[in-house]
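Engineer: TSV, C-alpha atoms, file input.tsv:
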chain	number	residue	atom	x	y	z
D	524	MET	CA	110.70	110.35	118.17
D	525	GLY	CA	113.13	113.19	118.76
D	526	ILE	CA	115.66	111.53	116.47
D	527	THR	CA	113.18	110.77	113.67
D	528	PHE	CA	111.19	114.04	113.64
D	529	PRO	CA	113.82	115.96	111.61
D	530	VAL	CA	114.23	113.07	109.16
D	531	PHE	CA	110.51	112.75	108.45
D	532	TYR	CA	110.11	116.52	108.26
D	533	VAL	CA	112.71	116.64	105.50
D	534	GLY	CA	110.64	113.95	103.76
D	535	ALA	CA	107.54	116.13	104.18
D	536	LEU	CA	109.35	119.08	102.62
D	537	ILE	CA	110.32	116.94	99.64
D	538	VAL	CA	106.76	115.65	99.18
D	539	TRP	CA	105.39	119.19	99.48
D	540	LEU	CA	107.89	120.60	97.00
D	541	PHE	CA	107.35	117.98	94.30
D	542	THR	CA	103.57	117.56	94.59
D	543	LEU	CA	102.37	121.14	95.14
D	544	PRO	CA	102.27	122.01	91.40
D	545	PHE	CA	99.61	119.34	90.74
D	546	ASP	CA	98.19	118.68	94.24
D	547	LYS	CA	96.84	122.03	95.37
D	548	ARG	CA	94.80	120.44	98.19
D	549	LEU	CA	97.94	118.73	99.56
D	550	LYS	CA	96.34	115.31	99.70
D	551	LEU	CA	99.60	113.43	99.10
D	552	LEU	CA	101.33	115.41	101.84
D	553	HIS	CA	98.51	114.52	104.25
D	554	TYR	CA	98.83	110.82	103.39
D	555	TYR	CA	102.57	111.09	103.98
D	556	THR	CA	101.77	112.64	107.36
D	557	CYS	CA	99.44	109.72	108.13
D	558	PHE	CA	102.26	107.32	107.27
D	559	TRP	CA	104.69	109.29	109.46
D	560	GLY	CA	102.32	109.14	112.43
D	561	CYS	CA	101.51	105.46	111.93
D	562	ILE	CA	105.16	104.43	112.07
D	563	TYR	CA	105.23	105.14	115.83
D	564	ILE	CA	102.22	102.85	116.33
D	565	TRP	CA	103.61	100.10	114.10
D	566	VAL	CA	106.95	99.95	115.93
D	567	MET	CA	105.46	100.09	119.45
D	568	PRO	CA	105.09	96.43	120.49
D	569	THR	CA	102.84	97.16	123.47
D	570	TRP	CA	100.12	98.95	121.45
D	571	ARG	CA	97.72	96.58	119.70
D	572	VAL	CA	95.73	98.92	117.45
D	573	LYS	CA	92.74	97.90	115.36
D	574	THR	CA	90.68	100.22	113.16
D	575	GLU	CA	87.23	99.43	111.77
D	576	GLY	CA	84.71	101.00	109.43
D	577	ARG	CA	86.92	102.85	106.98
D	578	GLY	CA	84.44	101.91	104.26
D	579	ASN	CA	81.91	104.24	105.88
D	580	CYS	CA	83.89	107.19	104.51
D	581	ARG	CA	82.80	107.96	100.95
D	582	LYS	CA	85.60	108.81	98.57
D	583	ASN	CA	85.83	112.53	97.73
D	584	ALA	CA	83.01	113.47	100.13
D	585	ALA	CA	83.48	116.48	102.41
D	586	TYR	CA	82.63	115.78	106.05
D	587	ILE	CA	82.82	117.24	109.47
D	588	ILE	CA	84.72	114.38	111.12
D	589	ILE	CA	84.48	114.12	114.90
D	590	SER	CA	86.21	111.85	117.41
D	591	ASN	CA	86.21	111.42	121.15
D	592	HIS	CA	89.50	112.31	122.82
D	593	GLN	CA	91.13	110.10	125.45
D	594	SER	CA	94.83	110.73	124.82
D	595	GLN	CA	97.48	112.42	122.68
D	596	LEU	CA	97.70	109.03	121.00
D	597	ASP	CA	94.25	109.53	119.40
D	598	ILE	CA	95.75	111.65	116.62
D	599	LEU	CA	98.13	108.86	115.58
D	600	VAL	CA	95.39	106.23	115.81
D	601	ASN	CA	93.07	108.27	113.59
D	602	PHE	CA	95.87	108.59	111.04
D	603	ARG	CA	95.54	104.80	110.69
D	604	PHE	CA	92.32	105.30	108.71
D	605	PHE	CA	94.32	107.01	105.94
D	606	ILE	CA	91.46	109.32	104.96
D	607	TYR	CA	91.93	112.89	103.80
D	608	TYR	CA	91.09	115.86	106.03
D	609	LYS	CA	92.36	119.09	107.54
D	610	ILE	CA	92.60	118.79	111.31
D	611	VAL	CA	91.74	121.61	113.72
D	612	SER	CA	94.37	121.90	116.46
D	613	LYS	CA	95.36	124.39	119.12
D	614	ILE	CA	97.92	126.90	117.91
D	615	GLU	CA	100.53	125.79	120.45
D	616	ILE	CA	101.03	122.53	118.55
D	617	PHE	CA	101.93	124.46	115.39
D	618	ARG	CA	104.88	125.93	117.30
D	619	VAL	CA	106.41	122.53	118.08
D	620	PRO	CA	109.53	122.03	115.93
D	621	PHE	CA	109.11	119.69	112.95
D	622	ILE	CA	105.62	118.42	113.95
D	623	GLY	CA	104.10	121.89	114.02
D	624	TRP	CA	106.02	122.97	110.93
D	625	ASN	CA	104.61	119.96	109.08
D	626	MET	CA	101.10	120.91	110.20
D	627	THR	CA	101.65	124.35	108.71
D	628	LEU	CA	102.85	122.77	105.45
D	629	ASN	CA	99.61	120.74	105.38
D	630	ARG	CA	97.55	123.87	105.93
D	631	TYR	CA	95.88	122.34	108.95
D	632	ILE	CA	93.66	124.75	110.85
D	633	LYS	CA	94.86	126.74	113.85
D	634	LEU	CA	92.71	127.39	116.91
D	635	VAL	CA	93.52	129.97	119.59
D	636	ARG	CA	91.54	128.55	122.50
D	637	GLY	CA	89.78	131.00	124.79
D	638	ASP	CA	90.16	133.84	122.29
D	639	LYS	CA	86.99	135.08	120.60
D	640	ASP	CA	88.79	136.40	117.53
D	641	GLY	CA	90.87	133.22	117.31
D	642	VAL	CA	87.76	131.04	117.35
D	643	ALA	CA	86.10	133.26	114.72
D	644	LYS	CA	89.18	132.93	112.50
D	645	MET	CA	89.17	129.14	112.91
D	646	MET	CA	85.49	129.02	111.91
D	647	GLU	CA	86.15	131.20	108.88
D	648	VAL	CA	89.07	129.07	107.68
D	649	SER	CA	87.17	125.83	108.37
D	650	GLY	CA	84.18	127.06	106.38
D	651	LYS	CA	86.41	127.97	103.43
D	652	THR	CA	88.14	124.58	103.70
D	653	LEU	CA	84.79	122.77	103.53
D	654	SER	CA	83.72	124.86	100.53
D	655	GLU	CA	86.85	123.66	98.71
D	656	GLY	CA	85.70	120.05	99.15
D	657	ASN	CA	87.94	119.14	102.10
D	658	SER	CA	86.80	117.37	105.26
D	659	VAL	CA	87.56	119.07	108.58
D	660	PHE	CA	88.47	117.01	111.66
D	661	PHE	CA	87.43	118.10	115.16
D	662	TYR	CA	87.80	116.73	118.67
D	663	PRO	CA	84.59	118.44	119.85
D	664	GLU	CA	85.20	117.82	123.56
D	665	GLY	CA	87.96	120.39	123.22
D	666	THR	CA	90.40	118.53	125.45
D	667	ARG	CA	91.34	115.01	126.48
D	668	SER	CA	89.01	113.20	128.89
D	669	ILE	CA	90.76	112.13	132.09
D	670	ASP	CA	88.26	109.32	132.84
D	671	CYS	CA	87.91	108.35	129.13
D	672	GLU	CA	84.17	109.07	129.12
D	673	ILE	CA	82.76	111.37	126.45
D	674	LYS	CA	82.26	114.89	127.79
D	675	SER	CA	79.98	117.63	126.44
D	676	PHE	CA	80.69	118.88	122.92
D	677	LYS	CA	81.61	122.39	121.93
D	678	PRO	CA	79.36	123.78	119.16
D	679	GLY	CA	81.86	124.80	116.47
D	680	ALA	CA	81.91	121.57	114.47
D	681	PHE	CA	78.12	121.39	114.40
D	682	ILE	CA	77.66	125.02	113.39
D	683	LEU	CA	79.93	124.34	110.44
D	684	ALA	CA	78.11	121.12	109.48
D	685	LYS	CA	74.80	122.95	109.39
D	686	ASN	CA	76.11	126.03	107.59
D	687	ALA	CA	77.99	124.02	104.95
D	688	LYS	CA	75.22	121.39	104.74
D	689	VAL	CA	77.68	118.52	105.00
D	690	PRO	CA	77.31	115.18	106.81
D	691	ILE	CA	79.02	114.33	110.10
D	692	LEU	CA	81.34	111.33	110.26
D	693	PRO	CA	81.86	110.10	113.85
D	694	ILE	CA	84.82	108.05	115.08
D	695	VAL	CA	84.91	106.35	118.48
D	696	ILE	CA	88.20	105.40	120.12
D	697	ASN	CA	88.84	103.30	123.21
D	698	GLY	CA	92.04	102.21	124.92
D	699	THR	CA	94.29	105.17	124.23
D	700	GLY	CA	93.60	106.72	127.61
D	701	ASN	CA	95.22	103.77	129.35
D	702	ALA	CA	97.99	103.36	126.78
D	703	LEU	CA	99.11	106.98	127.10
D	704	PRO	CA	97.28	108.73	129.96
D	705	LYS	CA	96.68	112.47	130.04
D	706	LEU	CA	99.40	114.58	131.70
D	707	THR	CA	102.07	111.91	131.19
D	708	MET	CA	104.33	110.56	128.46
D	709	ARG	CA	104.66	107.15	130.13
D	710	THR	CA	103.29	103.96	128.66
D	711	ASN	CA	103.26	100.73	130.67
D	712	GLY	CA	102.11	97.21	129.78
D	713	ILE	CA	100.33	95.89	126.71
D	714	HIS	CA	97.25	97.83	125.60
D	715	SER	CA	94.49	97.01	123.14
D	716	ILE	CA	93.25	100.04	121.23
D	717	ARG	CA	90.21	100.14	118.96
D	718	ALA	CA	89.00	102.90	116.68
D	719	ARG	CA	85.67	102.53	114.92
D	720	MET	CA	84.40	104.78	112.17
D	721	LEU	CA	80.61	104.91	112.32
D	722	LYS	CA	78.17	105.48	109.49
D	723	GLU	CA	77.84	109.10	108.51
D	724	ILE	CA	75.05	111.27	109.90
D	725	PRO	CA	73.48	112.75	106.74
D	726	TYR	CA	72.82	116.46	106.60
D	727	GLU	CA	69.12	115.71	106.18
D	728	THR	CA	69.11	114.18	109.68
D	729	LEU	CA	70.35	117.36	111.31
D	730	ALA	CA	68.78	119.93	109.00
D	731	GLU	CA	65.80	120.58	111.29
D	732	LEU	CA	67.77	120.33	114.55
D	733	THR	CA	69.37	123.17	116.45
D	734	VAL	CA	73.14	123.24	116.84
D	735	GLU	CA	72.76	122.08	120.46
D	736	GLU	CA	70.43	119.24	119.46
D	737	THR	CA	72.82	118.18	116.68
D	738	ALA	CA	75.78	118.11	119.06
D	739	GLU	CA	73.89	116.09	121.67
D	740	MET	CA	72.53	113.65	119.08
D	741	ALA	CA	76.06	112.95	117.84
D	742	ARG	CA	77.37	112.71	121.39
D	743	GLN	CA	74.73	110.20	122.49
D	744	LEU	CA	75.40	108.09	119.40
D	745	MET	CA	79.09	108.03	120.24
D	746	ILE	CA	78.45	107.29	123.93
D	747	ARG	CA	76.40	104.22	122.96
D	748	GLU	CA	79.06	103.06	120.53
D	749	LEU	CA	81.83	103.58	123.09
D	750	ALA	CA	79.94	101.43	125.61
D	751	LEU	CA	79.54	98.71	122.97
D	752	LEU	CA	83.21	98.94	122.05
D	753	LYS	CA	84.23	98.56	125.70
D	754	GLN	CA	82.01	95.47	126.06
D	755	GLU	CA	83.47	93.88	122.95
D	756	MET	CA	87.04	94.56	124.07
D	757	SER	CA	86.34	93.23	127.56
D	758	ALA	CA	84.83	90.04	126.13
D	759	THR	CA	87.83	89.56	123.84
D	760	GLU	CA	90.33	90.01	126.68
D	761	SER	CA	88.48	87.60	128.95
Transcribe the structure of this file into structure tokens.
Structural biologist:
Amino acid sequence: MGITFPVFYVGALIVWLFTLPFDKRLKLLHYYTCFWGCIYIWVMPTWRVKTEGRGNCRKNAAYIIISNHQSQLDILVNFRFFIYYKIVSKIEIFRVPFIGWNMTLNRYIKLVRGDKDGVAKMMEVSGKTLSEGNSVFFYPEGTRSIDCEIKSFKPGAFILAKNAKVPILPIVINGTGNALPKLTMRTNGIHSIRARMLKEIPYETLAELTVEETAEMARQLMIRELALLKQEMSATES
């Protein structure tokens, strides 16, 4: 990765330079970024990744997209869907050479965790991004789950969904926590990884719910789907 980061970043600069005059939303640059991320999955022989449900994402619709978070690998796996969005990520990642610089080029959304003004700024930028017709991608647990179970959700994504009156598009991932555990960069053995995009939760479904009720409804839906995904993967392996 260290060898290829500079090469792909130069490619990102070229895509940005030549497409910006006619692609103000930077969609082509985002798809290039998806391709860049997917290369590391495609060349890793011990990761068997399967994505499902991409057809549940309507073309040109603006969503709040949410995913559970088991591993750093989740970001690459979600790139496999090749759908357009602006991802919300902690500001420290934007400072990483090449990767963070590319995120800035893409106008992804910075979050200063634990800082009230930083959170307010993230919400402001996310709201503006939604109003421009772009989907915004959150990992609402706020951090990776050590035991791979879905933890409680932070409210930001659901406040935005209600304020912007946009649907929520959930994604459930399983297997990344074992393939690339939290607090390590080691990967051992062969790992099956599945990512499933669920049907959208229409705004009408959450219009009468509180933010807390909306978050818990989405969380319980994803918990049920994660349990089903684990059963299916276990049956396949056996």
Engineer: Can you pull out the residues contacting region 670-682 of chain D? Cut-off 10 Å, using all atoms listed in the file, and skip same-chain residues under 3 positions away; I want them as a ChimeraX atom specification.
Structural biologist: /D:587-594,611,642-643,645-646,649-650,659-667,685-691,695-701,704-705,729,733-739,741-743,745-746,749-750
Engineer: Using only C-alpha atoms, which of the listed residues (D:Glu748, D:His714, D:Tyr608, D:Lys651) sits closest to Lys550 (chain D)?
Structural biologist: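 Comparing D:Glu748, D:His714, D:Tyr608, D:Lys651 against Lys550 (chain D), the winner is D:Tyr608.
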Engineer: Find, counting all atoms listed in the file, the residue in D:Arg571, D:Lys644, D:Arg618, D:Lys609 that gets nearest to Ala702 (chain D).
Structural biologist: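 Of D:Arg571, D:Lys644, D:Arg618, D:Lys609, the one nearest Ala702 (chain D) is D:Arg571, counting all atoms listed in the file.
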Engineer: Which value, in Å to one decimal, gives the distance between CA of Gly641 (chain D) and CA of Gln595 (chain D)?
Structural biologist: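 Those two atoms sit 22.5 Å apart.
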Engineer: Restricting the calculation to only C-alpha atoms, which member of D:Ala584, D:Met756, D:Leu653, D:Leu543 is positioned closest to Pro725 (chain D)?
Structural biologist: D:Ala584
Engineer: Identify which of the residues D:Lys753, D:Lys722, D:Lys547, D:Lys633 lies closest to Asn657 (chain D), counting all atoms listed in the file when measuring atom-to-atom distances.
Structural biologist: D:Lys547
Engineer: Excluding Gly560 (chain D) and residues on its chain fewer than 3 positions from it, collect all residues at most 8 Å away from it, counting all atoms listed in the file, and give them as a PDB file with C-alpha atoms, in the coordinates of the input.
Structural biologist:
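Produced file selection_17.pdb, reproduced below:
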ATOM      1  CA  THR D 556     101.770 112.640 107.360  1.00  0.00           C
ATOM      2  CA  CYS D 557      99.440 109.720 108.130  1.00  0.00           C
ATOM      3  CA  TYR D 563     105.230 105.140 115.830  1.00  0.00           C
ATOM      4  CA  ILE D 564     102.220 102.850 116.330  1.00  0.00           C
ATOM      5  CA  LEU D 599      98.130 108.860 115.580  1.00  0.00           C
ATOM      6  CA  PHE D 602      95.870 108.590 111.040  1.00  0.00           C
TER       7      PHE D 602
END
Engineer: Work out how far CA of Phe558 (chain D) is from CA of Phe604 (chain D), in Å to one decimal.
Structural biologist: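 CA of Phe558 (chain D) lies 10.2 Å from CA of Phe604 (chain D).
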Engineer: With all atoms listed in the file as the basis for distance, which of D:Ala758, D:Ile606, D:Trp559, D:Leu634 is at the shortest distance from Val530 (chain D)?
Structural biologist: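 Answer, going by the shortest atom-to-atom distance: D:Trp559.
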Engineer: Please measure the separation of CA of Ile526 (chain D) and CA of Val572 (chain D), giving the value in Å to one decimal.
Structural biologist: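 Straight-line distance from CA of Ile526 (chain D) to CA of Val572 (chain D) works out to 23.6 Å.
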Engineer: Report as a ChimeraX atom specification all protein, DNA and RNA residues lying within 6 Å of Ile694 (chain D), evaluated on all atoms listed in the file, omitting residues in the same chain fewer than 2 positions from it.
Structural biologist: /D:590,719-721
Engineer: Kindly export the residues of the current selection with C-alpha atoms, as a short mmCIF file (atom, residue, chain, number, x, y, z; two decimals), in the coordinates of the input.
Structural biologist:
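As a result, out_11.cif now contains:
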data_model
loop_
_atom_site.label_atom_id
_atom_site.label_comp_id
_atom_site.auth_asym_id
_atom_site.auth_seq_id
_atom_site.Cartn_x
_atom_site.Cartn_y
_atom_site.Cartn_z
CA SER D 590 86.21 111.85 117.41
CA ARG D 719 85.67 102.53 114.92
CA MET D 720 84.40 104.78 112.17
CA LEU D 721 80.61 104.91 112.32
#
Engineer: Taking all atoms listed in the file into account, which of D:Glu615, D:Thr569, D:Gly656, D:Pro620 comes nearest Arg636 (chain D)?
Structural biologist: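 Checking each candidate against Arg636 (chain D), we get D:Glu615 as the closest.
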Engineer: Residues at most 8 Å from Trp539 (chain D), counting all atoms listed in the file, excluding those fewer than 5 positions away in the same chain, as number ranges by chain?
Structural biologist: D: 549, 552, 628
Engineer: How would the residues just picked look written out with C-alpha atoms as a short mmCIF file (atom, residue, chain, number, x, y, z; two decimals), keeping the file's coordinate frame?
Structural biologist:
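Dumped to selection-v1.cif:
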data_model
loop_
_atom_site.label_atom_id
_atom_site.label_comp_id
_atom_site.auth_asym_id
_atom_site.auth_seq_id
_atom_site.Cartn_x
_atom_site.Cartn_y
_atom_site.Cartn_z
CA LEU D 549 97.94 118.73 99.56
CA LEU D 552 101.33 115.41 101.84
CA LEU D 628 102.85 122.77 105.45
#
Engineer: Padding 4 Å on every side, please: axis-aligned box over the listed atoms of region 587-602 of chain D, centre and edge lengths to one decimal in Å, as lines of an AutoDock Vina configuration file.
Structural biologist:
center_x = 90.5
center_y = 111.7
center_z = 117.5
size_x = 23.3
size_y = 19.0
size_z = 24.0
Engineer: Some atoms are missing, so please complete region 599-631 of chain D with N, CA and C atoms and return it as a CSV table (one decimal), in the frame of the given file.
Structural biologist:
chain,number,residue,atom,x,y,z
D,599,LEU,N,97.4,109.9,116.3
D,599,LEU,CA,98.1,108.9,115.6
D,599,LEU,C,97.2,107.7,115.2
D,600,VAL,N,96.3,107.3,116.1
D,600,VAL,CA,95.4,106.2,115.8
D,600,VAL,C,94.5,106.6,114.7
D,601,ASN,N,94.0,107.8,114.7
D,601,ASN,CA,93.1,108.3,113.6
D,601,ASN,C,93.8,108.4,112.3
D,602,PHE,N,95.1,108.6,112.3
D,602,PHE,CA,95.9,108.6,111.0
D,602,PHE,C,95.8,107.2,110.4
D,603,ARG,N,95.6,106.2,111.2
D,603,ARG,CA,95.5,104.8,110.7
D,603,ARG,C,94.4,104.6,109.7
D,604,PHE,N,93.4,105.4,109.7
D,604,PHE,CA,92.3,105.3,108.7
D,604,PHE,C,92.8,105.7,107.3
D,605,PHE,N,93.8,106.5,107.2
D,605,PHE,CA,94.3,107.0,105.9
D,605,PHE,C,93.2,107.6,105.1
D,606,ILE,N,92.4,108.5,105.7
D,606,ILE,CA,91.5,109.3,105.0
D,606,ILE,C,91.9,110.8,105.0
D,607,TYR,N,91.4,111.5,104.0
D,607,TYR,CA,91.9,112.9,103.8
D,607,TYR,C,91.1,113.9,104.6
D,608,TYR,N,91.8,114.8,105.3
D,608,TYR,CA,91.1,115.9,106.0
D,608,TYR,C,92.1,116.9,106.4
D,609,LYS,N,91.6,118.0,106.9
D,609,LYS,CA,92.4,119.1,107.5
D,609,LYS,C,92.0,119.1,109.0
D,610,ILE,N,92.9,118.9,109.9
D,610,ILE,CA,92.6,118.8,111.3
D,610,ILE,C,92.6,120.2,112.0
D,611,VAL,N,91.7,120.4,112.9
D,611,VAL,CA,91.7,121.6,113.7
D,611,VAL,C,92.5,121.3,115.0
D,612,SER,N,93.5,122.1,115.3
D,612,SER,CA,94.4,121.9,116.5
D,612,SER,C,94.8,123.2,117.1
D,613,LYS,N,95.0,123.2,118.4
D,613,LYS,CA,95.4,124.4,119.1
D,613,LYS,C,96.7,124.9,118.6
D,614,ILE,N,96.8,126.2,118.6
D,614,ILE,CA,97.9,126.9,117.9
D,614,ILE,C,99.3,126.5,118.5
D,615,GLU,N,99.3,126.1,119.8
D,615,GLU,CA,100.5,125.8,120.4
D,615,GLU,C,101.2,124.6,119.8
D,616,ILE,N,100.4,123.7,119.2
D,616,ILE,CA,101.0,122.5,118.6
D,616,ILE,C,101.8,122.9,117.3
D,617,PHE,N,101.3,124.0,116.6
D,617,PHE,CA,101.9,124.5,115.4
D,617,PHE,C,103.3,125.1,115.7
D,618,ARG,N,103.6,125.4,116.9
D,618,ARG,CA,104.9,125.9,117.3
D,618,ARG,C,105.9,124.9,117.7
D,619,VAL,N,105.5,123.6,117.7
D,619,VAL,CA,106.4,122.5,118.1
D,619,VAL,C,107.3,122.3,116.9
D,620,PRO,N,108.6,122.3,117.1
D,620,PRO,CA,109.5,122.0,115.9
D,620,PRO,C,109.2,120.7,115.2
D,621,PHE,N,109.3,120.8,113.9
D,621,PHE,CA,109.1,119.7,113.0
D,621,PHE,C,107.6,119.2,112.9
D,622,ILE,N,107.0,118.8,114.0
D,622,ILE,CA,105.6,118.4,114.0
D,622,ILE,C,104.7,119.6,113.6
D,623,GLY,N,104.9,120.7,114.3
D,623,GLY,CA,104.1,121.9,114.0
D,623,GLY,C,104.4,122.5,112.7
D,624,TRP,N,105.7,122.4,112.3
D,624,TRP,CA,106.0,123.0,110.9
D,624,TRP,C,105.4,122.1,109.8
D,625,ASN,N,105.3,120.8,110.0
D,625,ASN,CA,104.6,120.0,109.1
D,625,ASN,C,103.1,120.3,109.0
D,626,MET,N,102.5,120.6,110.2
D,626,MET,CA,101.1,120.9,110.2
D,626,MET,C,100.8,122.2,109.4
D,627,THR,N,101.8,123.1,109.5
D,627,THR,CA,101.6,124.4,108.7
D,627,THR,C,101.8,124.0,107.2
D,628,LEU,N,102.7,123.2,106.9
D,628,LEU,CA,102.8,122.8,105.4
D,628,LEU,C,101.5,122.2,104.9
D,629,ASN,N,100.9,121.4,105.8
D,629,ASN,CA,99.6,120.7,105.4
D,629,ASN,C,98.4,121.7,105.3
D,630,ARG,N,98.6,122.9,105.8
D,630,ARG,CA,97.6,123.9,105.9
D,630,ARG,C,96.4,123.3,106.8
D,631,TYR,N,96.8,122.7,107.9
D,631,TYR,CA,95.9,122.3,109.0
D,631,TYR,C,95.4,123.6,109.6
